[in-house]
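See structure below.
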Amino acid sequence: MEEISFEQDIKNCLETLRSGGIILYPTDTIWGLGCDATNAEAVEKIYRLKHRDPGKSMLVLVDSDAMLERTVEEVPEVAWQLMEAAVDPVTIIYDRGTGVVPSLLAADGSLGVRVTHEDFSRTLCRRLRHPLVSTSANFSGEKAPSDFRDIDPKMVDAVDYVAHYGRDEINAGKASNIIKIGNGGEVRVIR
């Protein structure tokens, strides 16, 4: 496999995302399928590719508190406290998502968002200037891959770009914790 720099890999991903494509990329948890969360056609492509029920929402990654505040209508104080105290990546489901494709929202209008601190996914979000869809790189009903070697080759062939960064890393990646927080401060652990 040809050697590619981090910077070139990021540029290739951004070019794909900006043209409405789907990328396969490492996140702060497991390998994910991603697209620009503001591009309805790209989001629909991911639903079709995964054979995912369109009624099942997908989470998004953001690079900062500022992007988070633009992606949900309200960030309750308890959410800030949870993110600050979290040791492992945590996805928080907020009551009202905004500024993303409506099909990413749950039926009640809620949206799962994670502020990523991992270098590759954070750089992508920051340079894209939009939330990035992040759903596990597997077909619906199959086991989520913890590292690149575990990804079904059919999935690898079906996306528009596969990141080079992190392919050789062997990690026991696991999906994030998921917590739902209501605007009234109610907290419910989902996973």
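Just remember, in the structure tokens the first chain shown is A, the second B, etc., residues are 1-based per chain, and ligands are 1-based in the order shown.
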
As JSON, numbers by chain, please: every residue in stretch 25-155 of chain A that a backbone DSSP assignment puts in alpha helix (DSSP H).
{"A": [40, 41, 42, 43, 44, 45, 46, 47, 48, 49, 50, 65, 66, 67, 68, 69, 70, 71, 77, 78, 79, 80, 81, 82, 83, 84, 85, 119, 120, 121, 122, 123, 124, 125, 126, 127, 128, 153, 154, 155]}

May I have the residues within 12 Å of A:Lys154 as a PyMOL selection string, using only C-alpha atoms and disregarding those fewer than 6 positions away in the same chain?
chain A and resi 49-50+137-139

Would you mind exporting N, CA and C atoms of the selected residues as a PDB file, in the first residue's frame?
ATOM      1  N   LEU A  49     -26.353   2.104   2.100  1.00  0.00           N
ATOM      2  CA  LEU A  49     -25.162   1.258   2.168  1.00  0.00           C
ATOM      3  C   LEU A  49     -25.210   0.296   3.358  1.00  0.00           C
ATOM      4  N   LYS A  50     -25.616   0.802   4.498  1.00  0.00           N
ATOM      5  CA  LYS A  50     -25.657  -0.030   5.713  1.00  0.00           C
ATOM      6  C   LYS A  50     -26.888  -0.930   5.771  1.00  0.00           C
ATOM      7  N   ALA A 137     -18.830   1.109  10.972  1.00  0.00           N
ATOM      8  CA  ALA A 137     -18.518   0.662   9.607  1.00  0.00           C
ATOM      9  C   ALA A 137     -18.879  -0.807   9.422  1.00  0.00           C
ATOM     10  N   ASN A 138     -20.161  -1.081   9.578  1.00  0.00           N
ATOM     11  CA  ASN A 138     -20.672  -2.430   9.404  1.00  0.00           C
ATOM     12  C   ASN A 138     -22.057  -2.361   8.778  1.00  0.00           C
ATOM     13  N   PHE A 139     -22.492  -3.484   8.219  1.00  0.00           N
ATOM     14  CA  PHE A 139     -23.857  -3.566   7.718  1.00  0.00           C
ATOM     15  C   PHE A 139     -24.770  -3.774   8.923  1.00  0.00           C
TER      16      PHE A 139
END

Need the shell around A:Thr123: protein/DNA/RNA residues with any atom at most 12 Å away, counting only C-alpha atoms. Skip same-chain ones fewer than 5 positions apart. Format as a CSV table (one decimal) with N, CA and C atoms, in the first residue's frame?
chain,number,residue,atom,x,y,z
A,6,PHE,N,-0.6,12.3,6.7
A,6,PHE,CA,-1.8,12.6,7.4
A,6,PHE,C,-2.5,13.8,6.7
A,7,GLU,N,-1.7,14.8,6.3
A,7,GLU,CA,-2.3,16.0,5.7
A,7,GLU,C,-3.0,15.6,4.3
A,9,ASP,N,-4.2,12.7,3.5
A,9,ASP,CA,-5.3,11.8,3.8
A,9,ASP,C,-6.5,12.7,4.2
A,10,ILE,N,-6.3,13.7,5.0
A,10,ILE,CA,-7.3,14.7,5.5
A,10,ILE,C,-7.9,15.4,4.2
A,11,LYS,N,-7.0,15.9,3.3
A,11,LYS,CA,-7.4,16.6,2.1
A,11,LYS,C,-8.3,15.6,1.2
A,13,CYS,N,-10.1,13.1,2.2
A,13,CYS,CA,-11.4,12.9,2.9
A,13,CYS,C,-12.2,14.1,2.7
A,14,LEU,N,-11.7,15.3,2.9
A,14,LEU,CA,-12.5,16.5,2.7
A,14,LEU,C,-13.0,16.7,1.3
A,25,TYR,N,-13.5,5.9,8.0
A,25,TYR,CA,-12.4,6.6,8.8
A,25,TYR,C,-12.3,6.2,10.2
A,26,PRO,N,-11.2,6.4,10.9
A,26,PRO,CA,-11.0,6.1,12.3
A,26,PRO,C,-11.6,7.2,13.1
A,27,THR,N,-12.2,6.9,14.2
A,27,THR,CA,-12.8,7.9,15.1
A,27,THR,C,-12.2,7.7,16.5
A,28,ASP,N,-12.7,8.4,17.5
A,28,ASP,CA,-12.2,8.2,18.8
A,28,ASP,C,-12.7,6.9,19.5
A,61,LEU,N,-20.4,13.7,14.9
A,61,LEU,CA,-19.2,14.1,15.6
A,61,LEU,C,-19.1,15.6,15.4
A,62,VAL,N,-18.6,16.3,16.4
A,62,VAL,CA,-18.3,17.8,16.3
A,62,VAL,C,-16.9,17.9,16.9
A,63,ASP,N,-16.2,19.0,16.5
A,63,ASP,CA,-14.8,19.2,16.9
A,63,ASP,C,-14.6,20.1,18.1
A,64,SER,N,-15.7,20.7,18.6
A,64,SER,CA,-15.6,21.7,19.6
A,64,SER,C,-16.9,22.0,20.3
A,115,VAL,N,-18.4,15.1,21.0
A,115,VAL,CA,-17.3,16.0,20.8
A,115,VAL,C,-16.1,15.1,20.7
A,116,THR,N,-15.4,15.0,19.5
A,116,THR,CA,-14.3,14.1,19.4
A,116,THR,C,-13.0,14.8,19.8
A,117,HIS,N,-12.1,14.1,20.4
A,117,HIS,CA,-10.8,14.6,20.8
A,117,HIS,C,-9.7,13.8,20.1
A,118,GLU,N,-10.1,12.9,19.2
A,118,GLU,CA,-9.1,12.1,18.4
A,118,GLU,C,-8.7,12.9,17.3
A,128,LEU,N,-14.0,20.7,7.8
A,128,LEU,CA,-15.3,20.6,7.1
A,128,LEU,C,-16.2,21.7,7.5
A,129,ARG,N,-16.1,22.1,8.8
A,129,ARG,CA,-16.9,23.2,9.4
A,129,ARG,C,-18.3,22.8,9.5
A,130,HIS,N,-18.6,21.5,9.5
A,130,HIS,CA,-19.9,20.9,9.7
A,130,HIS,C,-19.8,19.7,10.6
A,131,PRO,N,-20.9,19.3,11.2
A,131,PRO,CA,-20.8,18.0,11.9
A,131,PRO,C,-20.6,16.9,10.9
A,132,LEU,N,-20.0,15.8,11.4
A,132,LEU,CA,-19.7,14.7,10.6
A,132,LEU,C,-20.5,13.4,11.0

Just checking: using only C-alpha atoms, which residue out of A:Glu41, A:Glu74, A:Asp36, A:Asp88 ends up closest to A:Ser134?
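Using only C-alpha atoms, A:Ser134 sits closest to A:Asp36.
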
Find the residues near A:Tyr47: any atom within 12 Å, counting only C-alpha atoms, skip ones fewer than 2 places away on the same chain, and give them as an MDAnalysis selection string.
chainID A and resid 22 33:35 40:45 49:58 103:104 133:140

Writing out the chosen residues with N, CA and C atoms as an mmCIF file, in the first residue's frame:
data_model
loop_
_atom_site.group_PDB
_atom_site.id
_atom_site.type_symbol
_atom_site.label_atom_id
_atom_site.label_comp_id
_atom_site.auth_asym_id
_atom_site.auth_seq_id
_atom_site.Cartn_x
_atom_site.Cartn_y
_atom_site.Cartn_z
ATOM 1 N N ILE A 22 -18.994 9.317 0.687
ATOM 2 C CA ILE A 22 -18.928 8.625 1.980
ATOM 3 C C ILE A 22 -17.495 8.182 2.215
ATOM 4 N N LEU A 33 -18.342 5.013 9.261
ATOM 5 C CA LEU A 33 -18.739 5.546 7.965
ATOM 6 C C LEU A 33 -19.122 6.985 8.228
ATOM 7 N N GLY A 34 -18.695 7.873 7.344
ATOM 8 C CA GLY A 34 -19.001 9.276 7.568
ATOM 9 C C GLY A 34 -19.370 10.010 6.317
ATOM 10 N N CYS A 35 -20.101 11.095 6.534
ATOM 11 C CA CYS A 35 -20.432 12.031 5.465
ATOM 12 C C CYS A 35 -20.746 13.365 6.123
ATOM 13 N N ALA A 40 -28.107 15.970 2.575
ATOM 14 C CA ALA A 40 -29.177 14.960 2.625
ATOM 15 C C ALA A 40 -28.897 13.761 1.727
ATOM 16 N N GLU A 41 -28.374 14.009 0.543
ATOM 17 C CA GLU A 41 -28.096 12.922 -0.387
ATOM 18 C C GLU A 41 -27.021 11.979 0.166
ATOM 19 N N ALA A 42 -25.990 12.550 0.763
ATOM 20 C CA ALA A 42 -24.914 11.738 1.337
ATOM 21 C C ALA A 42 -25.417 10.920 2.524
ATOM 22 N N VAL A 43 -26.237 11.524 3.365
ATOM 23 C CA VAL A 43 -26.798 10.800 4.520
ATOM 24 C C VAL A 43 -27.646 9.631 4.027
ATOM 25 N N GLU A 44 -28.435 9.858 3.000
ATOM 26 C CA GLU A 44 -29.269 8.797 2.428
ATOM 27 C C GLU A 44 -28.395 7.660 1.886
ATOM 28 N N LYS A 45 -27.257 7.998 1.292
ATOM 29 C CA LYS A 45 -26.334 6.971 0.774
ATOM 30 C C LYS A 45 -25.867 6.051 1.901
ATOM 31 N N LEU A 49 -26.353 2.104 2.100
ATOM 32 C CA LEU A 49 -25.162 1.258 2.168
ATOM 33 C C LEU A 49 -25.210 0.296 3.358
ATOM 34 N N LYS A 50 -25.616 0.802 4.498
ATOM 35 C CA LYS A 50 -25.657 -0.030 5.713
ATOM 36 C C LYS A 50 -26.888 -0.930 5.771
ATOM 37 N N HIS A 51 -27.860 -0.699 4.877
ATOM 38 C CA HIS A 51 -29.156 -1.376 4.956
ATOM 39 C C HIS A 51 -29.805 -1.040 6.295
ATOM 40 N N ARG A 52 -29.671 0.233 6.672
ATOM 41 C CA ARG A 52 -30.155 0.699 7.969
ATOM 42 C C ARG A 52 -31.578 1.213 7.846
ATOM 43 N N ASP A 53 -32.392 0.878 8.815
ATOM 44 C CA ASP A 53 -33.768 1.361 8.881
ATOM 45 C C ASP A 53 -33.742 2.890 8.925
ATOM 46 N N PRO A 54 -34.405 3.557 7.978
ATOM 47 C CA PRO A 54 -34.380 5.026 7.942
ATOM 48 C C PRO A 54 -34.965 5.660 9.204
ATOM 49 N N GLY A 55 -35.702 4.898 9.977
ATOM 50 C CA GLY A 55 -36.249 5.424 11.230
ATOM 51 C C GLY A 55 -35.236 5.421 12.358
ATOM 52 N N LYS A 56 -34.059 4.826 12.121
ATOM 53 C CA LYS A 56 -33.011 4.765 13.142
ATOM 54 C C LYS A 56 -32.028 5.901 12.911
ATOM 55 N N SER A 57 -31.979 6.818 13.834
ATOM 56 C CA SER A 57 -31.100 7.980 13.672
ATOM 57 C C SER A 57 -29.630 7.569 13.759
ATOM 58 N N MET A 58 -28.764 8.458 13.311
ATOM 59 C CA MET A 58 -27.319 8.242 13.412
ATOM 60 C C MET A 58 -26.720 9.430 14.159
ATOM 61 N N SER A 103 -33.205 13.604 8.584
ATOM 62 C CA SER A 103 -33.221 12.142 8.764
ATOM 63 C C SER A 103 -32.217 11.668 9.812
ATOM 64 N N LEU A 104 -31.309 12.551 10.251
ATOM 65 C CA LEU A 104 -30.379 12.180 11.322
ATOM 66 C C LEU A 104 -31.030 12.299 12.701
ATOM 67 N N VAL A 133 -21.203 12.832 10.127
ATOM 68 C CA VAL A 133 -21.926 11.612 10.495
ATOM 69 C C VAL A 133 -20.903 10.574 10.920
ATOM 70 N N SER A 134 -21.228 9.847 11.975
ATOM 71 C CA SER A 134 -20.361 8.779 12.442
ATOM 72 C C SER A 134 -21.228 7.596 12.832
ATOM 73 N N THR A 135 -21.209 6.589 11.996
ATOM 74 C CA THR A 135 -21.941 5.361 12.288
ATOM 75 C C THR A 135 -20.966 4.207 12.066
ATOM 76 N N SER A 136 -21.104 3.152 12.835
ATOM 77 C CA SER A 136 -20.150 2.049 12.751
ATOM 78 C C SER A 136 -20.037 1.507 11.328
ATOM 79 N N ALA A 137 -18.830 1.109 10.972
ATOM 80 C CA ALA A 137 -18.518 0.662 9.607
ATOM 81 C C ALA A 137 -18.879 -0.807 9.422
ATOM 82 N N ASN A 138 -20.161 -1.081 9.578
ATOM 83 C CA ASN A 138 -20.672 -2.430 9.404
ATOM 84 C C ASN A 138 -22.057 -2.361 8.778
ATOM 85 N N PHE A 139 -22.492 -3.484 8.219
ATOM 86 C CA PHE A 139 -23.857 -3.566 7.718
ATOM 87 C C PHE A 139 -24.770 -3.774 8.923
ATOM 88 N N SER A 140 -25.967 -3.218 8.868
ATOM 89 C CA SER A 140 -26.898 -3.324 10.000
ATOM 90 C C SER A 140 -27.054 -4.774 10.434
#

Could you check which of A:Val187, A:Gly20, A:Pro76, A:Ser176 is closest to A:Ala144, using only C-alpha atoms?
A:Ser176

Within 10 Å of A:Pro145, counting only C-alpha atoms, which residues show up once you throw out same-chain ones fewer than 4 positions away? Write them as a list in words, please.
Ile30, Trp31, Gly32, Ser136, Ala137, Asn138, Arg149, Asp150, Ile151, Asp152, Ala172, Gly173, Lys174 and Ala175 of chain A

Let's have the selection written as a CSV table (one decimal), in the first residue's frame, with N, CA and C atoms.
chain,number,residue,atom,x,y,z
A,30,ILE,N,-14.5,3.6,17.3
A,30,ILE,CA,-14.3,2.5,16.4
A,30,ILE,C,-14.2,3.1,15.0
A,31,TRP,N,-13.9,2.3,13.9
A,31,TRP,CA,-14.0,2.8,12.6
A,31,TRP,C,-15.4,3.1,12.2
A,32,GLY,N,-15.6,4.2,11.5
A,32,GLY,CA,-16.9,4.6,11.1
A,32,GLY,C,-17.1,5.0,9.7
A,136,SER,N,-21.1,3.2,12.8
A,136,SER,CA,-20.2,2.0,12.8
A,136,SER,C,-20.0,1.5,11.3
A,137,ALA,N,-18.8,1.1,11.0
A,137,ALA,CA,-18.5,0.7,9.6
A,137,ALA,C,-18.9,-0.8,9.4
A,138,ASN,N,-20.2,-1.1,9.6
A,138,ASN,CA,-20.7,-2.4,9.4
A,138,ASN,C,-22.1,-2.4,8.8
A,149,ARG,N,-9.0,-4.1,10.3
A,149,ARG,CA,-9.0,-5.5,9.8
A,149,ARG,C,-10.3,-6.2,9.9
A,150,ASP,N,-11.2,-5.7,10.8
A,150,ASP,CA,-12.4,-6.3,11.1
A,150,ASP,C,-13.6,-5.9,10.1
A,151,ILE,N,-13.3,-4.9,9.3
A,151,ILE,CA,-14.3,-4.3,8.4
A,151,ILE,C,-14.5,-5.3,7.2
A,152,ASP,N,-15.8,-5.5,6.9
A,152,ASP,CA,-16.1,-6.4,5.8
A,152,ASP,C,-15.6,-5.8,4.5
A,172,ALA,N,-8.5,-2.2,20.8
A,172,ALA,CA,-9.7,-2.8,21.2
A,172,ALA,C,-10.8,-1.7,21.3
A,173,GLY,N,-11.0,-1.1,20.1
A,173,GLY,CA,-11.9,0.0,20.1
A,173,GLY,C,-13.3,-0.5,20.5
A,174,LYS,N,-14.0,0.4,21.1
A,174,LYS,CA,-15.4,0.0,21.5
A,174,LYS,C,-16.3,1.2,21.3
A,175,ALA,N,-17.5,1.0,21.1
A,175,ALA,CA,-18.5,2.1,20.8
A,175,ALA,C,-18.6,2.9,22.1

I need the residues in stretch 8-79 of chain A that are strand (DSSP E or B) according to DSSP; give them as a list of chain:residue names.
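Everything in stretch 8-79 of chain A that counts as strand (DSSP E or B) is A:Ile23, A:Leu24, A:Tyr25, A:Pro26, A:Trp31, A:Gly32, A:Leu33, A:Gly34, A:Asp36, A:Leu59, A:Val60, A:Leu61, A:Val62, A:Val72.
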
Residues from the last selection, all heavy atoms, saved as an mmCIF file, in the first residue's frame:
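File produced: part_27.cif:
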data_model
loop_
_atom_site.group_PDB
_atom_site.id
_atom_site.type_symbol
_atom_site.label_atom_id
_atom_site.label_comp_id
_atom_site.auth_asym_id
_atom_site.auth_seq_id
_atom_site.Cartn_x
_atom_site.Cartn_y
_atom_site.Cartn_z
ATOM 1 N N ILE A 23 -17.026 8.416 3.436
ATOM 2 C CA ILE A 23 -15.687 7.975 3.803
ATOM 3 C C ILE A 23 -15.758 6.884 4.867
ATOM 4 O O ILE A 23 -16.741 6.769 5.601
ATOM 5 C CB ILE A 23 -14.805 9.146 4.311
ATOM 6 C CG1 ILE A 23 -15.393 9.771 5.583
ATOM 7 C CG2 ILE A 23 -14.606 10.175 3.216
ATOM 8 C CD1 ILE A 23 -14.458 10.750 6.288
ATOM 9 N N LEU A 24 -14.699 6.111 4.918
ATOM 10 C CA LEU A 24 -14.481 5.114 5.959
ATOM 11 C C LEU A 24 -13.286 5.646 6.727
ATOM 12 O O LEU A 24 -12.227 5.878 6.128
ATOM 13 C CB LEU A 24 -14.183 3.765 5.305
ATOM 14 C CG LEU A 24 -14.004 2.541 6.173
ATOM 15 C CD1 LEU A 24 -15.197 2.289 7.064
ATOM 16 C CD2 LEU A 24 -13.784 1.323 5.269
ATOM 17 N N TYR A 25 -13.451 5.889 8.039
ATOM 18 C CA TYR A 25 -12.403 6.595 8.765
ATOM 19 C C TYR A 25 -12.332 6.187 10.232
ATOM 20 O O TYR A 25 -13.320 5.716 10.799
ATOM 21 C CB TYR A 25 -12.624 8.107 8.643
ATOM 22 C CG TYR A 25 -13.838 8.619 9.398
ATOM 23 C CD1 TYR A 25 -13.690 9.400 10.544
ATOM 24 C CD2 TYR A 25 -15.119 8.337 8.976
ATOM 25 C CE1 TYR A 25 -14.782 9.873 11.239
ATOM 26 C CE2 TYR A 25 -16.223 8.801 9.656
ATOM 27 C CZ TYR A 25 -16.052 9.574 10.793
ATOM 28 O OH TYR A 25 -17.147 10.033 11.489
ATOM 29 N N PRO A 26 -11.161 6.376 10.860
ATOM 30 C CA PRO A 26 -11.026 6.069 12.280
ATOM 31 C C PRO A 26 -11.611 7.207 13.110
ATOM 32 O O PRO A 26 -11.510 8.377 12.735
ATOM 33 C CB PRO A 26 -9.510 5.975 12.472
ATOM 34 C CG PRO A 26 -8.953 6.897 11.440
ATOM 35 C CD PRO A 26 -9.892 6.825 10.269
ATOM 36 N N TRP A 31 -13.933 2.299 13.946
ATOM 37 C CA TRP A 31 -13.969 2.794 12.567
ATOM 38 C C TRP A 31 -15.406 3.118 12.197
ATOM 39 O O TRP A 31 -16.337 2.392 12.565
ATOM 40 C CB TRP A 31 -13.392 1.755 11.605
ATOM 41 C CG TRP A 31 -11.904 1.862 11.510
ATOM 42 C CD1 TRP A 31 -10.996 1.440 12.441
ATOM 43 C CD2 TRP A 31 -11.157 2.472 10.462
ATOM 44 N NE1 TRP A 31 -9.724 1.746 12.021
ATOM 45 C CE2 TRP A 31 -9.791 2.376 10.815
ATOM 46 C CE3 TRP A 31 -11.499 3.078 9.261
ATOM 47 C CZ2 TRP A 31 -8.779 2.867 10.009
ATOM 48 C CZ3 TRP A 31 -10.492 3.569 8.445
ATOM 49 C CH2 TRP A 31 -9.146 3.462 8.828
ATOM 50 N N GLY A 32 -15.562 4.210 11.450
ATOM 51 C CA GLY A 32 -16.904 4.645 11.115
ATOM 52 C C GLY A 32 -17.076 4.970 9.652
ATOM 53 O O GLY A 32 -16.118 5.176 8.915
ATOM 54 N N LEU A 33 -18.342 5.013 9.261
ATOM 55 C CA LEU A 33 -18.739 5.546 7.965
ATOM 56 C C LEU A 33 -19.122 6.985 8.228
ATOM 57 O O LEU A 33 -19.790 7.287 9.217
ATOM 58 C CB LEU A 33 -19.969 4.812 7.424
ATOM 59 C CG LEU A 33 -19.798 3.360 7.036
ATOM 60 C CD1 LEU A 33 -21.154 2.764 6.654
ATOM 61 C CD2 LEU A 33 -18.828 3.234 5.877
ATOM 62 N N GLY A 34 -18.695 7.873 7.344
ATOM 63 C CA GLY A 34 -19.001 9.276 7.568
ATOM 64 C C GLY A 34 -19.370 10.010 6.317
ATOM 65 O O GLY A 34 -19.012 9.616 5.199
ATOM 66 N N ASP A 36 -20.885 14.395 5.306
ATOM 67 C CA ASP A 36 -21.266 15.717 5.780
ATOM 68 C C ASP A 36 -22.701 15.619 6.302
ATOM 69 O O ASP A 36 -23.616 15.255 5.560
ATOM 70 C CB ASP A 36 -21.165 16.701 4.611
ATOM 71 C CG ASP A 36 -21.565 18.113 4.955
ATOM 72 O OD1 ASP A 36 -22.214 18.349 5.993
ATOM 73 O OD2 ASP A 36 -21.240 19.009 4.150
ATOM 74 N N LEU A 59 -25.608 9.191 14.834
ATOM 75 C CA LEU A 59 -24.980 10.268 15.588
ATOM 76 C C LEU A 59 -24.041 11.081 14.715
ATOM 77 O O LEU A 59 -23.684 10.672 13.612
ATOM 78 C CB LEU A 59 -24.248 9.717 16.813
ATOM 79 C CG LEU A 59 -22.967 8.919 16.601
ATOM 80 C CD1 LEU A 59 -21.759 9.838 16.688
ATOM 81 C CD2 LEU A 59 -22.862 7.851 17.664
ATOM 82 N N VAL A 60 -23.654 12.230 15.234
ATOM 83 C CA VAL A 60 -22.690 13.077 14.534
ATOM 84 C C VAL A 60 -21.539 13.422 15.473
ATOM 85 O O VAL A 60 -21.696 13.462 16.691
ATOM 86 C CB VAL A 60 -23.325 14.377 13.980
ATOM 87 C CG1 VAL A 60 -24.416 14.045 12.970
ATOM 88 C CG2 VAL A 60 -23.863 15.268 15.080
ATOM 89 N N LEU A 61 -20.377 13.664 14.870
ATOM 90 C CA LEU A 61 -19.209 14.136 15.605
ATOM 91 C C LEU A 61 -19.053 15.633 15.358
ATOM 92 O O LEU A 61 -19.323 16.117 14.249
ATOM 93 C CB LEU A 61 -17.936 13.441 15.111
ATOM 94 C CG LEU A 61 -17.813 11.940 15.311
ATOM 95 C CD1 LEU A 61 -16.471 11.452 14.765
ATOM 96 C CD2 LEU A 61 -17.971 11.552 16.764
ATOM 97 N N VAL A 62 -18.607 16.340 16.380
ATOM 98 C CA VAL A 62 -18.253 17.752 16.258
ATOM 99 C C VAL A 62 -16.866 17.922 16.855
ATOM 100 O O VAL A 62 -16.415 17.093 17.643
ATOM 101 C CB VAL A 62 -19.279 18.682 16.951
ATOM 102 C CG1 VAL A 62 -20.649 18.565 16.278
ATOM 103 C CG2 VAL A 62 -19.391 18.382 18.445
ATOM 104 N N VAL A 72 -27.086 21.708 18.378
ATOM 105 C CA VAL A 72 -28.251 21.418 19.218
ATOM 106 C C VAL A 72 -28.821 22.733 19.731
ATOM 107 O O VAL A 72 -28.094 23.722 19.865
ATOM 108 C CB VAL A 72 -27.910 20.465 20.390
ATOM 109 C CG1 VAL A 72 -27.442 19.117 19.874
ATOM 110 C CG2 VAL A 72 -26.877 21.051 21.322
#

Nearest-residue call for A:Met83, choices A:Arg114, A:Lys143, A:Arg18, A:Arg70, using only C-alpha atoms:
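Closest to A:Met83, using only C-alpha atoms: A:Arg114.
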
Applying 9 Å and only C-alpha atoms, which residues near A:Ile170 remain after dropping the ones on its own chain fewer than 6 positions away? List them as a PyMOL selection string.
chain A and resi 146-149

Could you please determine the separation between atom CA of A:Gly109 and atom CA of A:Met67 in Å, to one decimal place?
18.3 Å
